[in-house]
$ cat my_file-v1.cif   # mmCIF, C-alpha atoms
data_data
#
loop_
_atom_site.label_atom_id
_atom_site.label_comp_id
_atom_site.auth_asym_id
_atom_site.auth_seq_id
_atom_site.Cartn_x
_atom_site.Cartn_y
_atom_site.Cartn_z
CA MET A 1 0.00 0.00 0.00
CA ARG A 2 2.79 2.35 0.97
CA ARG A 3 4.60 1.48 -2.22
CA LEU A 4 1.52 2.36 -4.24
CA GLY A 5 1.41 5.72 -2.44
CA LEU A 6 5.01 6.34 -3.41
CA VAL A 7 4.27 5.54 -7.04
CA ILE A 8 1.35 7.94 -7.02
CA VAL A 9 3.52 10.69 -5.53
CA LEU A 10 6.21 10.04 -8.14
CA VAL A 11 3.78 10.07 -11.03
CA ALA A 12 2.09 13.20 -9.72
CA SER A 13 5.41 15.01 -9.37
CA CYS A 14 6.25 14.13 -12.98
CA LYS A 15 3.30 16.12 -14.21
CA ARG A 16 4.32 19.56 -15.33
CA ALA A 17 3.21 22.64 -13.49
CA PRO A 18 0.10 24.14 -15.09
CA GLU A 19 0.73 26.37 -18.08
CA GLU A 20 4.48 25.93 -18.00
CA VAL A 21 5.94 26.23 -21.48
CA THR A 22 9.27 24.57 -22.30
CA VAL A 23 11.37 26.87 -24.43
CA GLY A 24 14.62 25.75 -26.01
CA ALA A 25 16.77 28.75 -26.89
CA ALA A 26 20.12 29.35 -28.55
CA ILE A 27 22.60 30.04 -25.77
CA SER A 28 23.42 33.43 -27.30
CA LEU A 29 19.88 34.47 -26.29
CA LYS A 30 20.41 33.54 -22.63
CA GLU A 31 20.47 36.99 -21.01
CA VAL A 32 17.52 38.29 -23.04
CA MET A 33 15.42 35.18 -22.50
CA ASP A 34 16.12 35.12 -18.77
CA GLU A 35 14.95 38.71 -18.64
CA VAL A 36 11.88 38.10 -20.79
CA ALA A 37 10.93 35.05 -18.71
CA THR A 38 10.91 37.06 -15.48
CA THR A 39 9.04 40.06 -16.88
CA SER A 40 6.58 38.29 -19.21
CA LYS A 41 2.93 38.33 -18.21
CA GLY A 42 2.19 35.18 -20.19
CA PRO A 43 2.57 31.51 -19.22
CA ARG A 44 5.59 30.55 -17.12
CA LEU A 45 8.61 29.71 -19.28
CA ALA A 46 10.96 26.84 -18.48
CA LEU A 47 14.09 27.72 -20.43
CA VAL A 48 16.67 25.30 -21.78
CA TYR A 49 19.80 26.72 -23.40
CA GLY A 50 22.28 25.12 -25.74
CA ALA A 51 23.78 25.14 -29.21
CA SER A 52 20.89 25.45 -31.68
CA GLY A 53 21.83 22.24 -33.49
CA ASP A 54 21.94 20.34 -30.20
CA LEU A 55 18.48 21.61 -29.27
CA ALA A 56 17.11 20.62 -32.67
CA ALA A 57 18.66 17.15 -32.35
CA GLN A 58 17.20 16.78 -28.88
CA MET A 59 13.74 17.74 -30.16
CA GLU A 60 14.14 15.26 -33.02
CA HIS A 61 14.90 12.59 -30.42
CA GLY A 62 11.76 13.43 -28.47
CA ALA A 63 12.71 16.28 -26.13
CA PRO A 64 9.40 17.99 -25.31
CA PHE A 65 10.16 21.53 -26.47
CA ASP A 66 7.03 23.61 -27.03
CA VAL A 67 8.91 26.58 -28.46
CA LEU A 68 12.38 26.72 -29.97
CA ALA A 69 14.39 29.86 -30.71
CA THR A 70 17.50 29.03 -32.72
CA ALA A 71 20.38 31.08 -34.09
CA GLY A 72 19.58 30.08 -37.65
CA GLU A 73 17.19 27.95 -39.64
CA GLU A 74 16.97 24.33 -38.53
CA PRO A 75 15.46 22.56 -41.56
CA ARG A 76 14.98 19.27 -39.70
CA LEU A 77 12.49 20.99 -37.39
CA SER A 78 10.08 21.38 -40.32
CA LYS A 79 8.70 17.89 -39.59
CA MET A 80 7.53 18.82 -36.11
CA ALA A 81 7.33 22.61 -35.79
CA ASP A 82 6.33 25.72 -37.70
CA GLU A 83 8.27 28.94 -37.92
CA LEU A 84 6.24 31.74 -36.39
CA CYS A 85 8.42 34.83 -36.68
CA THR A 86 11.97 36.13 -36.73
CA LEU A 87 13.01 37.24 -33.25
CA ALA A 88 16.08 39.23 -34.27
CA TRP A 89 19.30 39.31 -36.28
CA ASN A 90 22.93 39.39 -35.19
CA THR A 91 26.45 39.85 -36.52
CA LEU A 92 29.78 38.19 -35.90
CA VAL A 93 32.77 39.76 -34.23
CA LEU A 94 36.38 38.68 -33.95
CA VAL A 95 37.48 38.79 -30.31
CA ARG A 96 40.88 38.16 -28.82
CA HIS A 97 42.23 37.29 -25.42
CA HIS A 98 43.43 40.39 -23.60
CA GLY A 99 47.17 40.44 -24.26
CA SER A 100 47.22 37.94 -27.11
CA PRO A 101 49.11 38.85 -30.30
CA ASP A 102 47.50 41.26 -32.74
CA VAL A 103 45.16 39.74 -35.28
CA SER A 104 42.48 40.92 -37.66
CA TRP A 105 39.93 39.37 -40.01
CA THR A 106 42.40 39.61 -42.90
CA THR A 107 45.73 38.79 -41.21
CA PHE A 108 45.27 35.21 -40.03
CA ASP A 109 48.05 34.18 -42.45
CA LYS A 110 50.51 36.30 -40.44
CA THR A 111 49.79 34.62 -37.10
CA PRO A 112 52.42 32.28 -35.57
CA PRO A 113 51.93 28.50 -35.88
CA SER A 114 50.97 28.30 -32.20
CA PHE A 115 48.05 30.70 -32.80
CA ARG A 116 44.62 29.29 -32.03
CA LEU A 117 41.32 30.59 -33.31
CA ALA A 118 38.25 29.30 -31.49
CA ILE A 119 35.00 28.90 -33.43
CA GLY A 120 31.86 26.87 -32.85
CA LEU A 121 31.67 23.16 -33.55
CA THR A 122 29.96 22.54 -36.89
CA PRO A 123 27.30 21.71 -37.87
CA GLN A 124 25.54 21.96 -34.51
CA VAL A 125 26.78 25.42 -33.45
CA PRO A 126 25.42 28.02 -35.91
CA ALA A 127 28.08 30.57 -34.85
CA GLY A 128 30.67 28.07 -36.09
CA VAL A 129 28.86 27.57 -39.40
CA TYR A 130 28.65 31.36 -39.88
CA ALA A 131 32.31 31.79 -38.89
CA GLU A 132 33.46 29.16 -41.42
CA GLU A 133 31.30 30.78 -44.09
CA ALA A 134 32.78 34.22 -43.36
CA LEU A 135 36.38 32.96 -43.26
CA ARG A 136 35.85 31.19 -46.60
CA LYS A 137 34.40 34.32 -48.19
CA LEU A 138 37.38 36.32 -46.95
CA GLY A 139 39.75 33.73 -48.43
CA ALA A 140 41.22 33.16 -44.98
CA TRP A 141 40.04 29.58 -44.44
CA THR A 142 43.09 27.72 -45.78
CA ALA A 143 45.45 29.92 -43.76
CA VAL A 144 43.55 29.42 -40.54
CA GLU A 145 42.09 25.92 -40.84
CA SER A 146 44.96 24.17 -39.03
CA LYS A 147 44.80 26.70 -36.19
CA ILE A 148 41.13 26.24 -35.40
CA VAL A 149 39.86 24.84 -32.13
CA ARG A 150 36.17 24.21 -31.47
CA GLY A 151 33.81 25.24 -28.72
CA THR A 152 30.68 23.15 -28.16
CA ASN A 153 28.48 26.27 -28.18
CA VAL A 154 29.15 29.96 -28.81
CA ARG A 155 29.62 30.72 -25.10
CA ALA A 156 32.14 27.89 -24.85
CA VAL A 157 34.01 29.63 -27.70
CA LEU A 158 33.95 32.84 -25.67
CA ASP A 159 35.16 30.91 -22.61
CA LEU A 160 38.15 29.55 -24.52
CA VAL A 161 39.16 33.10 -25.43
CA ALA A 162 38.51 34.45 -21.91
CA ARG A 163 40.75 31.73 -20.42
CA GLY A 164 43.41 32.31 -23.05
CA GLU A 165 43.21 28.71 -24.28
CA ALA A 166 42.49 30.28 -27.66
CA ASP A 167 44.18 33.52 -28.72
CA ALA A 168 41.13 34.70 -30.63
CA GLY A 169 37.62 33.60 -31.38
CA ILE A 170 34.59 34.34 -33.50
CA VAL A 171 31.39 34.98 -31.57
CA TYR A 172 28.25 37.10 -31.94
CA ALA A 173 28.47 40.85 -31.40
CA THR A 174 26.05 40.38 -28.47
CA ASP A 175 28.35 37.86 -26.73
CA GLU A 176 31.31 40.15 -26.13
CA GLY A 177 31.18 42.10 -22.90
CA ILE A 178 29.82 39.05 -21.12
CA ARG A 179 33.31 37.92 -20.14
CA LYS A 180 36.25 40.00 -19.10
CA ASP A 181 39.73 39.52 -20.58
CA VAL A 182 38.10 39.55 -24.02
CA ASP A 183 38.75 42.43 -26.44
CA VAL A 184 36.76 43.01 -29.61
CA VAL A 185 38.98 43.22 -32.68
CA GLY A 186 36.23 44.06 -35.09
CA GLU A 187 32.99 43.15 -36.78
CA VAL A 188 33.06 40.77 -39.72
CA PRO A 189 33.84 42.72 -42.95
CA LYS A 190 30.73 43.65 -44.90
CA GLU A 191 31.51 41.49 -47.94
CA ALA A 192 31.59 38.35 -45.78
CA ARG A 193 28.71 39.14 -43.45
CA PRO A 194 26.46 36.12 -42.84
CA ASN A 195 22.73 36.48 -42.35
CA VAL A 196 22.46 35.56 -38.68
CA ARG A 197 18.74 35.22 -38.09
CA TYR A 198 16.87 33.94 -35.03
CA PRO A 199 13.67 32.17 -36.10
CA LEU A 200 11.09 31.14 -33.51
CA TYR A 201 9.48 27.72 -33.93
CA LEU A 202 6.28 26.46 -32.35
CA SER A 203 5.82 22.72 -31.92
CA ARG A 204 2.83 21.28 -33.83
CA VAL A 205 1.79 19.34 -30.74
CA ALA A 206 2.13 22.34 -28.43
CA SER A 207 -0.66 23.34 -26.07
CA HIS A 208 -2.77 26.47 -26.27
CA ALA A 209 -0.60 28.07 -23.57
CA SER A 210 2.50 27.39 -25.66
CA GLY A 211 0.93 29.13 -28.62
CA ARG A 212 0.18 32.13 -26.46
CA ALA A 213 3.74 32.16 -25.07
CA ALA A 214 5.13 32.00 -28.61
CA GLN A 215 2.92 34.90 -29.70
CA LEU A 216 4.19 36.95 -26.75
CA LEU A 217 7.80 36.06 -27.59
CA CYS A 218 7.21 37.33 -31.12
CA GLY A 219 5.78 40.56 -29.72
CA GLU A 220 7.06 44.05 -29.05
CA ASP A 221 8.28 43.52 -25.45
CA THR A 222 10.71 40.80 -26.52
CA LYS A 223 11.84 42.89 -29.49
CA ARG A 224 12.63 45.81 -27.17
CA ALA A 225 14.59 43.56 -24.81
CA LEU A 226 16.51 42.08 -27.74
CA VAL A 227 17.44 45.49 -29.12
CA ALA A 228 18.47 46.64 -25.62
CA HIS A 229 20.88 43.68 -25.53
CA GLY A 230 22.42 44.64 -28.86
CA PHE A 231 20.48 42.38 -31.21
CA LEU A 232 19.38 43.82 -34.58
CA ASP A 233 15.74 44.28 -35.58
CA HIS A 234 16.67 44.06 -39.27
CA PRO A 235 18.95 41.81 -41.36
CA PRO A 236 22.61 42.76 -40.96
CA MET B 1 37.31 3.19 -36.70
CA SER B 2 39.21 6.39 -36.09
CA ALA B 3 37.55 7.20 -32.76
CA PHE B 4 38.94 3.98 -31.29
CA TRP B 5 42.35 4.77 -32.70
CA VAL B 6 42.17 8.16 -30.93
CA SER B 7 41.00 6.39 -27.76
CA LEU B 8 43.93 3.95 -27.87
CA ARG B 9 46.42 6.76 -28.38
CA ILE B 10 45.03 8.42 -25.28
CA VAL B 11 44.46 5.40 -23.05
CA LEU B 12 47.79 3.61 -23.63
CA PRO B 13 50.02 6.50 -22.48
CA ALA B 14 47.63 7.03 -19.56
CA LEU B 15 48.02 3.38 -18.56
CA ALA B 16 51.79 3.54 -18.95
CA PHE B 17 51.63 6.05 -16.12
CA VAL B 18 48.72 4.65 -14.11
CA VAL B 19 49.80 0.99 -13.89
CA PRO B 20 53.26 1.43 -12.31
CA ILE B 21 52.31 4.45 -10.16
CA GLY B 22 49.02 2.88 -9.10
CA ALA B 23 50.70 -0.46 -8.30
CA ALA B 24 53.34 1.34 -6.22
CA LEU B 25 50.63 3.30 -4.41
CA GLY B 26 48.71 0.07 -3.82
CA PHE B 27 51.81 -1.62 -2.41
CA PHE B 28 52.38 1.33 -0.10
CA LEU B 29 48.74 1.25 1.02
CA ALA B 30 48.90 -2.50 1.64
CA ARG B 31 52.12 -2.44 3.64
CA SER B 32 52.59 0.91 5.33
CA ARG B 33 51.31 1.67 8.80
CA SER B 34 52.52 5.27 8.87
CA ALA B 35 50.38 8.37 9.30
CA LEU B 36 51.06 9.15 5.63
CA ARG B 37 49.15 6.00 4.70
CA ALA B 38 45.92 7.38 6.12
CA ILE B 39 46.36 10.60 4.15
CA VAL B 40 47.19 8.83 0.88
CA ASP B 41 44.32 6.40 1.45
CA SER B 42 41.75 9.18 1.71
CA LEU B 43 43.20 11.29 -1.11
CA VAL B 44 43.62 8.48 -3.64
CA LEU B 45 39.88 7.94 -3.97
CA VAL B 46 39.03 11.61 -4.51
CA PRO B 47 39.28 11.66 -8.34
CA LEU B 48 37.03 8.58 -8.48
CA VAL B 49 34.24 9.95 -6.30
CA LEU B 50 34.27 13.56 -7.53
CA PRO B 51 32.04 14.46 -10.47
CA PRO B 52 34.21 14.22 -13.62
CA SER B 53 33.37 17.83 -14.48
CA VAL B 54 34.99 18.92 -11.19
CA VAL B 55 38.08 16.85 -11.97
CA GLY B 56 38.25 18.41 -15.43
CA TYR B 57 37.74 21.90 -14.06
CA ALA B 58 40.47 21.39 -11.47
CA LEU B 59 42.84 20.18 -14.20
CA LEU B 60 41.94 23.21 -16.32
CA ILE B 61 42.62 25.61 -13.44
CA VAL B 62 46.01 24.04 -12.70
CA LEU B 63 47.17 23.00 -16.16
CA GLY B 64 45.40 25.55 -18.37
CA ARG B 65 47.36 28.34 -20.00
CA GLN B 66 46.66 30.66 -17.10
CA GLY B 67 47.11 27.99 -14.44
CA PRO B 68 50.20 27.85 -12.21
CA LEU B 69 51.56 24.69 -13.86
CA GLY B 70 50.15 25.31 -17.33
CA SER B 71 51.80 28.70 -17.65
CA VAL B 72 55.17 27.25 -16.58
CA LEU B 73 54.83 24.42 -19.11
CA GLU B 74 54.15 26.92 -21.85
CA THR B 75 57.01 29.30 -21.00
CA LEU B 76 59.57 26.53 -20.51
CA PHE B 77 58.60 24.05 -23.20
CA GLY B 78 56.04 25.83 -25.35
CA VAL B 79 53.51 23.15 -24.40
CA ARG B 80 49.81 23.99 -24.58
CA LEU B 81 47.87 21.15 -23.12
CA VAL B 82 44.22 21.98 -23.73
CA PHE B 83 42.94 20.36 -26.98
CA SER B 84 45.96 18.03 -27.08
CA GLY B 85 45.94 14.26 -26.78
CA ALA B 86 48.20 14.70 -23.74
CA ALA B 87 45.44 16.59 -21.96
CA ALA B 88 42.99 13.77 -22.64
CA SER B 89 45.59 11.26 -21.37
CA ILE B 90 46.02 13.28 -18.17
CA ALA B 91 42.25 13.37 -17.65
CA ALA B 92 41.97 9.62 -18.25
CA ALA B 93 44.94 8.88 -15.98
CA THR B 94 43.53 11.02 -13.16
CA VAL B 95 40.24 9.15 -13.01
CA ALA B 96 41.78 5.71 -13.59
CA LEU B 97 44.56 5.96 -10.98
CA PRO B 98 42.28 5.39 -7.94
CA LEU B 99 40.96 2.11 -9.38
CA MET B 100 44.49 0.89 -10.06
CA ALA B 101 45.76 1.92 -6.62
CA LYS B 102 42.86 0.42 -4.66
CA GLY B 103 42.86 -2.73 -6.82
CA ALA B 104 46.60 -3.14 -6.35
CA GLU B 105 46.21 -2.62 -2.61
CA ALA B 106 43.70 -5.48 -2.47
CA ALA B 107 46.03 -7.65 -4.55
CA PHE B 108 49.02 -7.04 -2.26
CA VAL B 109 47.01 -7.43 0.96
CA ARG B 110 46.16 -10.97 -0.13
CA VAL B 111 49.84 -11.93 -0.26
CA ASP B 112 50.75 -13.97 2.82
CA ARG B 113 53.59 -12.18 4.60
CA GLU B 114 54.89 -15.49 5.99
CA LEU B 115 55.77 -16.67 2.50
CA GLU B 116 57.92 -13.58 2.07
CA GLU B 117 59.53 -14.12 5.47
CA VAL B 118 60.39 -17.72 4.59
CA ALA B 119 61.95 -16.55 1.32
CA MET B 120 63.97 -13.91 3.12
CA ALA B 121 65.06 -16.40 5.82
CA ASN B 122 66.34 -18.63 3.02
CA GLY B 123 68.62 -15.87 1.83
CA LEU B 124 66.56 -14.14 -0.84
CA GLY B 125 67.06 -10.36 -0.97
CA PRO B 126 64.06 -8.01 -0.68
CA TRP B 127 63.90 -7.33 -4.42
CA ALA B 128 64.21 -10.99 -5.33
CA THR B 129 61.53 -11.81 -2.76
CA PHE B 130 59.24 -9.24 -4.30
CA ARG B 131 59.91 -10.45 -7.82
CA LEU B 132 59.76 -14.20 -7.14
CA VAL B 133 57.19 -14.41 -4.33
CA THR B 134 55.05 -11.28 -3.89
CA LEU B 135 54.50 -10.30 -7.51
CA PRO B 136 53.44 -13.74 -8.88
CA ILE B 137 50.84 -14.07 -6.10
CA ALA B 138 49.54 -10.53 -6.59
CA LEU B 139 49.53 -10.77 -10.39
CA PRO B 140 45.91 -11.85 -10.98
CA GLY B 141 44.71 -9.06 -8.69
CA LEU B 142 46.94 -6.58 -10.49
CA GLY B 143 45.46 -7.80 -13.77
CA VAL B 144 41.95 -7.11 -12.47
CA ALA B 145 43.01 -3.66 -11.28
CA THR B 146 44.65 -2.89 -14.65
CA THR B 147 41.54 -3.99 -16.55
CA LEU B 148 39.25 -1.84 -14.39
CA ALA B 149 41.59 1.14 -14.72
CA ALA B 150 41.81 0.66 -18.49
CA LEU B 151 38.02 0.50 -18.81
CA ARG B 152 37.60 3.63 -16.71
CA ALA B 153 40.22 5.44 -18.82
CA LEU B 154 38.57 4.23 -22.04
CA GLY B 155 35.15 5.38 -20.83
CA GLU B 156 36.31 8.80 -19.65
CA PHE B 157 33.97 11.55 -20.81
CA GLY B 158 33.33 14.42 -18.41
CA ALA B 159 36.85 15.36 -17.36
CA THR B 160 38.07 14.96 -20.94
CA LEU B 161 35.41 17.28 -22.34
CA THR B 162 35.93 19.84 -19.56
CA PHE B 163 39.73 19.87 -19.63
CA ALA B 164 40.86 18.59 -23.02
CA GLY B 165 37.93 19.86 -25.09
CA TYR B 166 36.59 18.31 -28.28
CA SER B 167 39.16 18.31 -31.06
CA ALA B 168 40.46 15.88 -33.65
CA ARG B 169 43.10 14.67 -31.17
CA THR B 170 40.72 14.31 -28.23
CA ALA B 171 37.72 12.83 -30.06
CA THR B 172 37.68 9.55 -28.13
CA ALA B 173 34.98 6.94 -28.67
CA PRO B 174 32.80 8.16 -25.75
CA LEU B 175 33.01 11.78 -26.92
CA GLU B 176 32.24 10.71 -30.49
CA VAL B 177 29.11 8.85 -29.34
CA TYR B 178 27.85 12.04 -27.71
CA PHE B 179 28.71 14.40 -30.56
CA ALA B 180 27.54 11.99 -33.27
CA MET B 181 24.20 11.79 -31.48
CA GLN B 182 24.01 15.58 -31.25
CA ARG B 183 24.81 15.89 -34.95
CA GLY B 184 21.95 13.52 -35.65
CA ASP B 185 24.39 10.87 -36.92
CA ASP B 186 22.68 8.00 -35.14
CA ALA B 187 24.32 5.35 -37.30
CA ARG B 188 27.75 6.36 -36.01
CA ALA B 189 26.60 6.87 -32.41
CA LEU B 190 25.00 3.43 -32.43
CA SER B 191 27.89 1.58 -34.05
CA LEU B 192 30.44 3.14 -31.69
CA SER B 193 28.20 2.32 -28.73
CA LEU B 194 27.84 -1.29 -29.83
CA VAL B 195 31.61 -1.70 -30.07
CA LEU B 196 31.96 -0.20 -26.59
CA VAL B 197 29.30 -2.57 -25.23
CA VAL B 198 31.04 -5.59 -26.78
CA ALA B 199 34.42 -4.45 -25.44
CA SER B 200 32.99 -3.94 -21.95
CA VAL B 201 31.23 -7.31 -21.87
CA GLY B 202 34.43 -8.93 -23.12
CA ALA B 203 36.39 -7.23 -20.37
CA ALA B 204 33.83 -8.30 -17.75
CA LEU B 205 34.18 -11.93 -18.88
CA LEU B 206 37.94 -11.56 -18.73
CA LEU B 207 37.67 -10.20 -15.18
CA ARG B 208 35.53 -13.16 -14.16
CA ALA B 209 38.00 -15.64 -15.55
CA TRP B 210 40.84 -13.84 -13.80
CA SER B 211 39.25 -13.59 -10.38
CA ARG B 212 38.38 -17.31 -10.46
CA ARG B 213 42.02 -18.24 -10.75
#

$ encode --input "my_file-v1.cif" --output "structure tokens"
Amino acid sequence: MRRLGLVIVLVASCKRAPEEVTVGAAISLKEVMDEVATTSKGPRLALVYGASGDLAAQMEHGAPFDVLATAGEEPRLSKMADELCTLAWNTLVLVRHHGSPDVSWTTFDKTPPSFRLAIGLTPQVPAGVYAEEALRKLGAWTAVESKIVRGTNVRAVLDLVARGEADAGIVYATDEGIRKDVDVVGEVPKEARPNVRYPLYLSRVASHASGRAAQLLCGEDTKRALVAHGFLDHPP
Amino acid sequence: MSAFWVSLRIVLPALAFVVPIGAALGFFLARSRSALRAIVDSLVLVPLVLPPSVVGYALLIVLGRQGPLGSVLETLFGVRLVFSGAAASIAAATVALPLMAKGAEAAFVRVDRELEEVAMANGLGPWATFRLVTLPIALPGLGVATTLAALRALGEFGATLTFAGYSARTATAPLEVYFAMQRGDDARALSLSLVLVVASVGAALLLRAWSRR
């Protein structure tokens, strides 16, 4: 009898709190989403952060995300979710560890052999995909390829630079300033600028509350918070 | 498969360090009655019971570029550990050493001291006694300890990811399973997992055979 009681308690505690909406978000959105979740008047948001590709893979494997905000299109989500709106846009910056040798977007070929450039792990970290794309467009890829180390999400890339394990790194413009010991070298040159877009997906099996939360996330309050954190409200 | 090749290149150097040092530690633990023994005994288990992320973080703080040891290594020898196979070996060795030391301790405790005394009384020196009496008796136990340490080193994930990072040189089989899964490459994740399962079951059977001897 007591065992049955325990089972009932366990099962009951597995049930989600009423109206809680599980939101998977690109880790570059962390500060904004934390803020939005505390100020939003809509359903309570349970936030999960990670590399966008990891979140998409988790959803594909059955993770119960109601809403997903990724740092780029995730085509494999089309089977289970619909894109609702674009939250914001972003750009890439080259950052370097405070005190590391000078470097710029166009001088990777002049860096010493021990130089390390941190970018995101591809294909699951969009910031890494964008960084590779930009470096290729700038004709810098072959010079820098052997010097690249990978972070498992864009904040891990930033961490590598902050700790000096990498001399430089490519992150979003909104990521710098989050860690000290990181200096911004410069924004990605115009001719190589990738279209960093944050689409918002709503799961096809999501509840009514999730739909309402997604609508709110697509609304003006979130947009204002995003802009305040340095995100763009137009394509770069 | 390349992930297993990477794993071997990380685990073998780790074992080259862990087996002799762990066996020596085990011998010390089995025979010493000093106050130092109590200290070593409580410290040796720490890397095994700590969360691997804590072990990896500690290694990063000490051996990273800005760490006290890491910065010395870089200035003196130009060595940068993070992202290198050496870093993964260090992580694997750190978590495997406790199993080797405690296993070796158990192996040496089982050796009857009287047999050694008889050998010594018959004129055998201490080294010869160790080589001809102690070691052969302890050998099956040392084999068990080595196997357990090797499996722990082979299965290392958390400390490796935290300290050594994910790079071509540190992409061991366990890390590859995780990242293949995250990429959506289930075929690779599954095939690597199956090989790991077969290897582990094989090792378990080996352990059984050994401990029956």

$ interface_residues --input "my_file-v1.cif" --of "chain B" --to "chain A" --cutoff "6 Å" --atoms "all atoms listed in the file" --output "ChimeraX atom specification"
/B:65,182,184

$ residues_around --input "my_file-v1.cif" --residues "stretch 86-91 of chain B" --least-positions-apart "3" --cutoff "6 Å" --atoms "all atoms listed in the file" --output "PyMOL selection string"
chain B and resi 10+14+81-82+94+159-160+164

$ write_last_selection --input "my_file-v1.cif" --atoms "C-alpha atoms" --output "compact mmCIF listing (two decimals), keeping the file's coordinate frame"
# COMPACT_ATOMS: atom_id res chain seq x y z
CA ILE B 10 45.03 8.42 -25.28
CA ALA B 14 47.63 7.03 -19.56
CA LEU B 81 47.87 21.15 -23.12
CA VAL B 82 44.22 21.98 -23.73
CA THR B 94 43.53 11.02 -13.16
CA ALA B 159 36.85 15.36 -17.36
CA THR B 160 38.07 14.96 -20.94
CA ALA B 164 40.86 18.59 -23.02

$ atom_distance --input "my_file-v1.cif" --atom1 "atom CA of B:Gly85" --atom2 "atom CA of B:Val6"
8.3 Å

$ closest_residue --input "my_file-v1.cif" --among "A:Glu145, A:Ala118, A:Tyr201, A:Gly139" --to "A:Ile170" --atoms "all atoms listed in the file"
A:Ala118

$ atom_distance --input "my_file-v1.cif" --atom1 "atom CA of B:Phe28" --atom2 "atom CA of B:Thr129"
16.2 Å

$ resolve_selection --input "my_file-v1.cif" --expression "the PyMOL selection byres ((chain A and resi 213) around 12)" --output "PyMOL selection string"
chain A and resi 19-23+36-37+40-46+66-68+84+200-203+206-212+214-219+222

$ decode --input "my_file-v1.cif" --residues "stretch 157-170 of chain A" --atoms "N, CA and C atoms" --output "PDB file, in the first residue's frame"
ATOM      1  N   VAL A 157      32.991  28.958 -26.871  1.00  0.00           N
ATOM      2  CA  VAL A 157      34.007  29.626 -27.699  1.00  0.00           C
ATOM      3  C   VAL A 157      34.521  30.858 -26.950  1.00  0.00           C
ATOM      4  N   LEU A 158      33.581  31.631 -26.423  1.00  0.00           N
ATOM      5  CA  LEU A 158      33.951  32.842 -25.673  1.00  0.00           C
ATOM      6  C   LEU A 158      34.796  32.476 -24.446  1.00  0.00           C
ATOM      7  N   ASP A 159      34.428  31.364 -23.793  1.00  0.00           N
ATOM      8  CA  ASP A 159      35.156  30.912 -22.607  1.00  0.00           C
ATOM      9  C   ASP A 159      36.602  30.558 -22.955  1.00  0.00           C
ATOM     10  N   LEU A 160      36.789  29.914 -24.100  1.00  0.00           N
ATOM     11  CA  LEU A 160      38.147  29.545 -24.523  1.00  0.00           C
ATOM     12  C   LEU A 160      39.013  30.791 -24.691  1.00  0.00           C
ATOM     13  N   VAL A 161      38.418  31.850 -25.234  1.00  0.00           N
ATOM     14  CA  VAL A 161      39.161  33.098 -25.431  1.00  0.00           C
ATOM     15  C   VAL A 161      39.409  33.773 -24.081  1.00  0.00           C
ATOM     16  N   ALA A 162      38.376  33.797 -23.218  1.00  0.00           N
ATOM     17  CA  ALA A 162      38.514  34.446 -21.911  1.00  0.00           C
ATOM     18  C   ALA A 162      39.604  33.785 -21.076  1.00  0.00           C
ATOM     19  N   ARG A 163      39.733  32.446 -21.176  1.00  0.00           N
ATOM     20  CA  ARG A 163      40.751  31.733 -20.420  1.00  0.00           C
ATOM     21  C   ARG A 163      42.110  31.755 -21.111  1.00  0.00           C
ATOM     22  N   GLY A 164      42.144  32.269 -22.333  1.00  0.00           N
ATOM     23  CA  GLY A 164      43.407  32.313 -23.051  1.00  0.00           C
ATOM     24  C   GLY A 164      43.794  30.993 -23.681  1.00  0.00           C
ATOM     25  N   GLU A 165      42.899  29.982 -23.618  1.00  0.00           N
ATOM     26  CA  GLU A 165      43.206  28.709 -24.284  1.00  0.00           C
ATOM     27  C   GLU A 165      43.187  28.892 -25.790  1.00  0.00           C
ATOM     28  N   ALA A 166      42.425  29.860 -26.262  1.00  0.00           N
ATOM     29  CA  ALA A 166      42.493  30.276 -27.660  1.00  0.00           C
ATOM     30  C   ALA A 166      42.914  31.742 -27.663  1.00  0.00           C
ATOM     31  N   ASP A 167      43.725  32.136 -28.647  1.00  0.00           N
ATOM     32  CA  ASP A 167      44.177  33.525 -28.717  1.00  0.00           C
ATOM     33  C   ASP A 167      43.048  34.432 -29.180  1.00  0.00           C
ATOM     34  N   ALA A 168      42.229  33.909 -30.087  1.00  0.00           N
ATOM     35  CA  ALA A 168      41.132  34.699 -30.629  1.00  0.00           C
ATOM     36  C   ALA A 168      39.950  33.782 -30.874  1.00  0.00           C
ATOM     37  N   GLY A 169      38.811  34.400 -31.141  1.00  0.00           N
ATOM     38  CA  GLY A 169      37.621  33.602 -31.380  1.00  0.00           C
ATOM     39  C   GLY A 169      36.606  34.391 -32.171  1.00  0.00           C
ATOM     40  N   ILE A 170      35.657  33.665 -32.773  1.00  0.00           N
ATOM     41  CA  ILE A 170      34.587  34.341 -33.504  1.00  0.00           C
ATOM     42  C   ILE A 170      33.268  34.045 -32.809  1.00  0.00           C
TER      43      ILE A 170
END
